[in-house]
Amino acid sequence: DAKTTQPNSMESNEEEPVHLPCNHSTISGTDYIHWYRQLPSQGPEYVIHGLTSNVNNRMASLAIAEDRKSSTLILHRATLRDAAVYYCILRDAVTSGTYKYIFGTGTRLKVLA
Amino acid sequence: NAGVTQTPKFQVLKTGQSMTLQCAQDMNHEYMSWYRQDPGMGLRLIHYSVGAGITDQGEVPNGYNVSRSTTEDFPLRLLSAAPSQTSVYFCASSIIGWAGPEKLFFGSGTQLSVL
């Protein structure tokens with residue numbers, strides 16, 4: 001199964017942009033890249049996902065490298081409420097016949113006031 | 001719209017006891033799954049289901065049983081609880097689109113302690 005690698009932790013100042021990296025060098029052609037975040041004492045929540053093209057929504061932007069071996073979640077203006085653990089996940093390819101979302105350990109984002 | 005509902009929120013068991021963690025969703029999602037999260041760790045997939053009557057194992061299935069008799073419910077059974085099963089358990093659900101499961105919706109979790 002393709003794996004992801006993320007830094008254990010990052011810090012950002014409030015109201016500044018945050019770039020959260022994710023490496024997935026063994027990604028297959030049909031793996032979708034998903035991002036979730038987990039606020040303290042809560043279940044994870046969906047942030048964004050994409051396949052090849054960059055994606056934007058009201059929460060964040062997802063920038064995917066041309067070779068798809070890495071991606072970056074971009075929070076345009078971090079707030080204190082964005083302090084969470086951010087997970088980058090490869091949704092197992094449909095062609096493999098499995099439907100597994102495998103979470104890694106994620107990146108703990110600390111936002112400084 | 002309740003979303004994904006997990007019960008109970010907290011549970012304390014003695015070693016060897018059995019119990020069932022309940023998960024129900026009201027979004028007509030075909031896909032449901034169970035995760036455990038140990039303190040300071042990420043989530044690990046226990047079991048998942050792509051529809052009523054269909055279940056499969058995840059990363060850490062040992063010690064847990066599941067069944068899916070209806071679309072709405074996906075209970076997780078611990079047959080003989082062990083201290084190593086002390087964890088927070090999350091249930092999640094999703095629709096299955098043309099490319100497989102889409103975004104997951106999570107419940108608020110069940111905190112289980114096994115003494």
# chains A, B, ... in the order shown; residues from 1 in each chain; ligands from 1
>>> interface_residues(of="chain B", to="chain A", cutoff="9 Å", atoms="only C-alpha atoms", output="number ranges by chain")
B: 31, 33, 40-45, 48-50, 56, 58-59, 90-91, 99-109
>>> residues_around(residues="A:Thr5", least_positions_apart="6", cutoff="7 Å", atoms="only C-alpha atoms", output="list in words")
Cys22, Asn23 and His24 of chain A
>>> atom_distance(atom1="atom CA of B:Leu79", atom2="atom CA of B:His47")
14.9 Å
>>> residues_around(residues="A:Asp67", least_positions_apart="5", cutoff="12 Å", atoms="only C-alpha atoms", output="JSON, numbers by chain")
{"A": [23, 24, 25, 26, 27, 28, 29, 51, 52, 53]}
>>> write_last_selection(atoms="all heavy atoms", output="PDB file, in the first residue's frame")
ATOM      1  N   ASN A  23       4.568  13.846   1.677  1.00  0.00           N
ATOM      2  CA  ASN A  23       5.256  13.063   0.648  1.00  0.00           C
ATOM      3  C   ASN A  23       4.567  11.717   0.465  1.00  0.00           C
ATOM      4  O   ASN A  23       4.234  11.045   1.443  1.00  0.00           O
ATOM      5  CB  ASN A  23       6.724  12.850   1.016  1.00  0.00           C
ATOM      6  CG  ASN A  23       7.525  14.123   0.902  1.00  0.00           C
ATOM      7  OD1 ASN A  23       7.316  14.904  -0.022  1.00  0.00           O
ATOM      8  ND2 ASN A  23       8.430  14.356   1.828  1.00  0.00           N
ATOM      9  N   HIS A  24       4.377  11.356  -0.779  1.00  0.00           N
ATOM     10  CA  HIS A  24       3.744  10.059  -1.105  1.00  0.00           C
ATOM     11  C   HIS A  24       4.391   9.545  -2.382  1.00  0.00           C
ATOM     12  O   HIS A  24       3.748   9.490  -3.433  1.00  0.00           O
ATOM     13  CB  HIS A  24       2.225  10.171  -1.214  1.00  0.00           C
ATOM     14  CG  HIS A  24       1.712  11.512  -1.643  1.00  0.00           C
ATOM     15  ND1 HIS A  24       1.726  11.953  -2.950  1.00  0.00           N
ATOM     16  CD2 HIS A  24       1.170  12.513  -0.911  1.00  0.00           C
ATOM     17  CE1 HIS A  24       1.207  13.157  -3.012  1.00  0.00           C
ATOM     18  NE2 HIS A  24       0.857  13.537  -1.794  1.00  0.00           N
ATOM     19  N   SER A  25       5.648   9.159  -2.275  1.00  0.00           N
ATOM     20  CA  SER A  25       6.449   8.815  -3.454  1.00  0.00           C
ATOM     21  C   SER A  25       5.990   7.536  -4.142  1.00  0.00           C
ATOM     22  O   SER A  25       6.319   7.310  -5.312  1.00  0.00           O
ATOM     23  CB  SER A  25       7.922   8.692  -3.069  1.00  0.00           C
ATOM     24  OG  SER A  25       8.073   7.711  -2.062  1.00  0.00           O
ATOM     25  N   THR A  26       5.249   6.671  -3.438  1.00  0.00           N
ATOM     26  CA  THR A  26       4.811   5.406  -4.048  1.00  0.00           C
ATOM     27  C   THR A  26       3.342   5.453  -4.472  1.00  0.00           C
ATOM     28  O   THR A  26       2.711   4.424  -4.665  1.00  0.00           O
ATOM     29  CB  THR A  26       5.026   4.226  -3.087  1.00  0.00           C
ATOM     30  OG1 THR A  26       4.275   4.463  -1.887  1.00  0.00           O
ATOM     31  CG2 THR A  26       6.498   4.069  -2.742  1.00  0.00           C
ATOM     32  N   ILE A  27       2.820   6.649  -4.634  1.00  0.00           N
ATOM     33  CA  ILE A  27       1.417   6.807  -5.012  1.00  0.00           C
ATOM     34  C   ILE A  27       1.152   6.138  -6.357  1.00  0.00           C
ATOM     35  O   ILE A  27       1.993   6.154  -7.258  1.00  0.00           O
ATOM     36  CB  ILE A  27       1.046   8.304  -5.047  1.00  0.00           C
ATOM     37  CG1 ILE A  27      -0.461   8.497  -5.185  1.00  0.00           C
ATOM     38  CG2 ILE A  27       1.807   9.020  -6.157  1.00  0.00           C
ATOM     39  CD1 ILE A  27      -0.897   9.951  -4.995  1.00  0.00           C
ATOM     40  N   SER A  28      -0.014   5.521  -6.483  1.00  0.00           N
ATOM     41  CA  SER A  28      -0.380   4.917  -7.759  1.00  0.00           C
ATOM     42  C   SER A  28      -1.259   5.889  -8.535  1.00  0.00           C
ATOM     43  O   SER A  28      -1.742   6.882  -8.000  1.00  0.00           O
ATOM     44  CB  SER A  28      -1.126   3.599  -7.537  1.00  0.00           C
ATOM     45  OG  SER A  28      -2.417   3.847  -7.020  1.00  0.00           O
ATOM     46  N   GLY A  29      -1.471   5.566  -9.792  1.00  0.00           N
ATOM     47  CA  GLY A  29      -2.156   6.496 -10.674  1.00  0.00           C
ATOM     48  C   GLY A  29      -3.583   6.813 -10.301  1.00  0.00           C
ATOM     49  O   GLY A  29      -4.110   7.864 -10.660  1.00  0.00           O
ATOM     50  N   LEU A  51      -7.028  14.610  -7.048  1.00  0.00           N
ATOM     51  CA  LEU A  51      -6.373  13.510  -7.770  1.00  0.00           C
ATOM     52  C   LEU A  51      -5.123  14.007  -8.494  1.00  0.00           C
ATOM     53  O   LEU A  51      -4.030  13.503  -8.259  1.00  0.00           O
ATOM     54  CB  LEU A  51      -7.344  12.895  -8.783  1.00  0.00           C
ATOM     55  CG  LEU A  51      -6.827  11.680  -9.566  1.00  0.00           C
ATOM     56  CD1 LEU A  51      -6.505  10.529  -8.635  1.00  0.00           C
ATOM     57  CD2 LEU A  51      -7.848  11.260 -10.629  1.00  0.00           C
ATOM     58  N   THR A  52      -5.284  14.992  -9.361  1.00  0.00           N
ATOM     59  CA  THR A  52      -4.134  15.499 -10.104  1.00  0.00           C
ATOM     60  C   THR A  52      -4.042  17.014 -10.073  1.00  0.00           C
ATOM     61  O   THR A  52      -2.960  17.567  -9.951  1.00  0.00           O
ATOM     62  CB  THR A  52      -4.203  15.057 -11.578  1.00  0.00           C
ATOM     63  OG1 THR A  52      -5.442  15.506 -12.135  1.00  0.00           O
ATOM     64  CG2 THR A  52      -4.111  13.539 -11.710  1.00  0.00           C
ATOM     65  N   SER A  53      -5.181  17.671 -10.162  1.00  0.00           N
ATOM     66  CA  SER A  53      -5.174  19.129 -10.239  1.00  0.00           C
ATOM     67  C   SER A  53      -5.261  19.752  -8.858  1.00  0.00           C
ATOM     68  O   SER A  53      -5.753  19.144  -7.913  1.00  0.00           O
ATOM     69  CB  SER A  53      -6.375  19.608 -11.068  1.00  0.00           C
ATOM     70  OG  SER A  53      -6.367  19.019 -12.339  1.00  0.00           O
TER      71      SER A  53
END
>>> select_by_dssp(residues="chain B", states="strand (DSSP E or B)", output="PyMOL selection string")
chain B and resi 4-7+10-13+19-25+31-37+43-51+54-57+64-66+73+76-78+87-94+96-97+100-101+105-106+110-114
>>> residues_around(residues="stretch 14-16 of chain B", least_positions_apart="5", cutoff="9 Å", atoms="only C-alpha atoms", output="list in words")
Leu79, Ser80, Ala81, Ala82, Pro83, Ser113, Val114 and Leu115 of chain B
>>> write_last_selection(atoms="N, CA and C atoms", output="PDB file, in the first residue's frame")
ATOM      1  N   LEU B  79     -15.159  -9.230  22.235  1.00  0.00           N
ATOM      2  CA  LEU B  79     -15.633 -10.477  22.819  1.00  0.00           C
ATOM      3  C   LEU B  79     -15.035 -10.733  24.201  1.00  0.00           C
ATOM      4  N   SER B  80     -13.761 -10.372  24.386  1.00  0.00           N
ATOM      5  CA  SER B  80     -13.079 -10.563  25.660  1.00  0.00           C
ATOM      6  C   SER B  80     -12.079  -9.430  25.806  1.00  0.00           C
ATOM      7  N   ALA B  81     -12.500  -8.366  26.474  1.00  0.00           N
ATOM      8  CA  ALA B  81     -11.710  -7.146  26.509  1.00  0.00           C
ATOM      9  C   ALA B  81     -10.354  -7.355  27.183  1.00  0.00           C
ATOM     10  N   ALA B  82      -9.341  -6.690  26.632  1.00  0.00           N
ATOM     11  CA  ALA B  82      -7.990  -6.728  27.182  1.00  0.00           C
ATOM     12  C   ALA B  82      -7.501  -5.299  27.408  1.00  0.00           C
ATOM     13  N   PRO B  83      -6.607  -5.091  28.367  1.00  0.00           N
ATOM     14  CA  PRO B  83      -6.091  -3.732  28.615  1.00  0.00           C
ATOM     15  C   PRO B  83      -5.511  -3.079  27.363  1.00  0.00           C
ATOM     16  N   SER B 113     -11.959   2.230  28.478  1.00  0.00           N
ATOM     17  CA  SER B 113     -10.874   1.838  29.376  1.00  0.00           C
ATOM     18  C   SER B 113     -11.102   0.413  29.820  1.00  0.00           C
ATOM     19  N   VAL B 114     -10.064  -0.412  29.700  1.00  0.00           N
ATOM     20  CA  VAL B 114     -10.137  -1.806  30.137  1.00  0.00           C
ATOM     21  C   VAL B 114      -9.156  -1.996  31.288  1.00  0.00           C
ATOM     22  N   LEU B 115      -9.691  -2.353  32.443  1.00  0.00           N
ATOM     23  CA  LEU B 115      -8.856  -2.462  33.646  1.00  0.00           C
ATOM     24  C   LEU B 115      -8.379  -3.895  33.858  1.00  0.00           C
TER      25      LEU B 115
END
>>> closest_residue(among="B:Trp34, B:His29, B:Val4, B:Pro39", to="B:Gln57", atoms="only C-alpha atoms")
B:Trp34
>>> atom_distance(atom1="atom CA of A:Gln6", atom2="atom CA of A:Ala113")
23.9 Å
>>> select_by_dssp(residues="chain A", states="helix (DSSP H, G or I)", output="PyMOL selection string")
chain A and resi 80-82+94-96
>>> write_last_selection(atoms="all heavy atoms", output="mmCIF file, in the first residue's frame")
data_model
loop_
_atom_site.group_PDB
_atom_site.id
_atom_site.type_symbol
_atom_site.label_atom_id
_atom_site.label_comp_id
_atom_site.auth_asym_id
_atom_site.auth_seq_id
_atom_site.Cartn_x
_atom_site.Cartn_y
_atom_site.Cartn_z
ATOM 1 N N LEU A 80 -6.425 30.614 15.443
ATOM 2 C CA LEU A 80 -6.197 29.750 16.602
ATOM 3 C C LEU A 80 -7.043 28.484 16.498
ATOM 4 O O LEU A 80 -6.662 27.417 16.987
ATOM 5 C CB LEU A 80 -6.499 30.503 17.897
ATOM 6 C CG LEU A 80 -5.584 31.694 18.193
ATOM 7 C CD1 LEU A 80 -6.025 32.401 19.474
ATOM 8 C CD2 LEU A 80 -4.130 31.282 18.290
ATOM 9 N N ARG A 81 -8.198 28.610 15.828
ATOM 10 C CA ARG A 81 -9.092 27.457 15.688
ATOM 11 C C ARG A 81 -8.549 26.415 14.718
ATOM 12 O O ARG A 81 -9.082 25.309 14.623
ATOM 13 C CB ARG A 81 -10.463 27.914 15.231
ATOM 14 C CG ARG A 81 -11.215 28.727 16.268
ATOM 15 C CD ARG A 81 -12.631 28.985 15.818
ATOM 16 N NE ARG A 81 -13.360 27.731 15.647
ATOM 17 C CZ ARG A 81 -14.255 27.529 14.698
ATOM 18 N NH1 ARG A 81 -14.516 28.464 13.812
ATOM 19 N NH2 ARG A 81 -14.879 26.371 14.601
ATOM 20 N N ASP A 82 -7.496 26.763 13.970
ATOM 21 C CA ASP A 82 -6.900 25.796 13.039
ATOM 22 C C ASP A 82 -5.878 24.886 13.715
ATOM 23 O O ASP A 82 -5.320 23.993 13.069
ATOM 24 C CB ASP A 82 -6.229 26.535 11.879
ATOM 25 C CG ASP A 82 -7.233 27.206 10.962
ATOM 26 O OD1 ASP A 82 -8.295 26.612 10.708
ATOM 27 O OD2 ASP A 82 -6.943 28.327 10.505
ATOM 28 N N VAL A 94 -9.197 2.074 -6.202
ATOM 29 C CA VAL A 94 -10.356 1.229 -6.482
ATOM 30 C C VAL A 94 -9.922 -0.034 -7.208
ATOM 31 O O VAL A 94 -10.437 -1.121 -6.979
ATOM 32 C CB VAL A 94 -11.394 2.004 -7.311
ATOM 33 C CG1 VAL A 94 -12.524 1.092 -7.754
ATOM 34 C CG2 VAL A 94 -11.946 3.159 -6.509
ATOM 35 N N THR A 95 -8.931 0.084 -8.040
ATOM 36 C CA THR A 95 -8.507 -1.060 -8.844
ATOM 37 C C THR A 95 -7.921 -2.179 -7.994
ATOM 38 O O THR A 95 -7.847 -3.306 -8.427
ATOM 39 C CB THR A 95 -7.468 -0.646 -9.893
ATOM 40 O OG1 THR A 95 -6.405 0.057 -9.241
ATOM 41 C CG2 THR A 95 -8.081 0.252 -10.939
ATOM 42 N N SER A 96 -7.497 -1.858 -6.762
ATOM 43 C CA SER A 96 -6.954 -2.906 -5.903
ATOM 44 C C SER A 96 -8.072 -3.700 -5.246
ATOM 45 O O SER A 96 -7.835 -4.723 -4.634
ATOM 46 C CB SER A 96 -6.056 -2.309 -4.825
ATOM 47 O OG SER A 96 -6.844 -1.612 -3.882
#
>>> closest_residue(among="A:Arg108, A:Ile64, A:Met59, A:Pro7", to="A:Ala78", atoms="only C-alpha atoms")
A:Met59
>>> residues_around(residues="B:Met27", least_positions_apart="5", cutoff="10 Å", atoms="only C-alpha atoms", output="number ranges by chain")
B: 1-4, 71-72, 93-95, 105
>>> write_last_selection(atoms="C-alpha atoms", output="compact mmCIF listing (two decimals), in the first residue's frame")
# COMPACT_ATOMS: atom_id res chain seq x y z
CA ASN B 1 -29.54 15.77 10.80
CA ALA B 2 -27.72 13.65 13.40
CA GLY B 3 -24.92 12.37 11.12
CA VAL B 4 -22.85 9.60 12.76
CA THR B 71 -27.28 0.20 6.09
CA GLU B 72 -27.65 2.41 9.16
CA SER B 93 -19.23 6.64 7.15
CA SER B 94 -19.19 7.73 3.54
CA ILE B 95 -21.02 7.40 0.29
CA PHE B 105 -17.92 11.65 8.29
>>> decode(residues="stretch 12-30 of chain B", atoms="N, CA and C atoms", output="CSV table (one decimal), in the first residue's frame")
chain,number,residue,atom,x,y,z
B,12,VAL,N,-16.1,1.8,30.9
B,12,VAL,CA,-15.0,1.1,31.6
B,12,VAL,C,-15.4,-0.4,31.7
B,13,LEU,N,-14.4,-1.2,31.3
B,13,LEU,CA,-14.7,-2.6,31.4
B,13,LEU,C,-13.6,-3.3,32.2
B,14,LYS,N,-13.9,-4.5,32.7
B,14,LYS,CA,-12.9,-5.3,33.3
B,14,LYS,C,-12.3,-6.3,32.3
B,15,THR,N,-11.1,-6.7,32.5
B,15,THR,CA,-10.5,-7.7,31.5
B,15,THR,C,-11.4,-8.9,31.4
B,16,GLY,N,-11.6,-9.3,30.2
B,16,GLY,CA,-12.4,-10.5,29.9
B,16,GLY,C,-13.9,-10.2,29.7
B,17,GLN,N,-14.4,-9.0,30.0
B,17,GLN,CA,-15.8,-8.7,29.7
B,17,GLN,C,-16.0,-8.4,28.2
B,18,SER,N,-17.2,-8.6,27.8
B,18,SER,CA,-17.5,-8.3,26.4
B,18,SER,C,-18.5,-7.1,26.4
B,19,MET,N,-18.4,-6.4,25.2
B,19,MET,CA,-19.4,-5.3,25.1
B,19,MET,C,-19.4,-5.0,23.6
B,20,THR,N,-20.4,-4.2,23.2
B,20,THR,CA,-20.6,-3.7,21.9
B,20,THR,C,-20.7,-2.2,21.8
B,21,LEU,N,-19.8,-1.7,21.0
B,21,LEU,CA,-19.9,-0.2,20.7
B,21,LEU,C,-20.8,0.0,19.5
B,22,GLN,N,-21.8,0.9,19.7
B,22,GLN,CA,-22.8,1.2,18.7
B,22,GLN,C,-22.4,2.3,17.8
B,23,CYS,N,-22.7,2.2,16.5
B,23,CYS,CA,-22.5,3.2,15.6
B,23,CYS,C,-23.7,3.3,14.6
B,24,ALA,N,-24.3,4.4,14.5
B,24,ALA,CA,-25.5,4.5,13.6
B,24,ALA,C,-25.3,5.8,12.8
B,25,GLN,N,-25.7,5.7,11.5
B,25,GLN,CA,-25.7,6.9,10.6
B,25,GLN,C,-27.0,7.1,9.9
B,26,ASP,N,-27.4,8.3,9.7
B,26,ASP,CA,-28.7,8.6,9.1
B,26,ASP,C,-28.6,9.2,7.7
B,27,MET,N,-27.4,9.0,7.1
B,27,MET,CA,-27.2,9.6,5.8
B,27,MET,C,-27.2,8.7,4.6
B,28,ASN,N,-27.7,7.4,4.9
B,28,ASN,CA,-27.8,6.4,3.9
B,28,ASN,C,-26.5,6.1,3.2
B,29,HIS,N,-25.4,6.1,4.0
B,29,HIS,CA,-24.1,5.9,3.5
B,29,HIS,C,-23.8,4.4,3.4
B,30,GLU,N,-23.3,3.9,2.2
B,30,GLU,CA,-23.0,2.5,2.1
B,30,GLU,C,-21.7,2.1,2.9
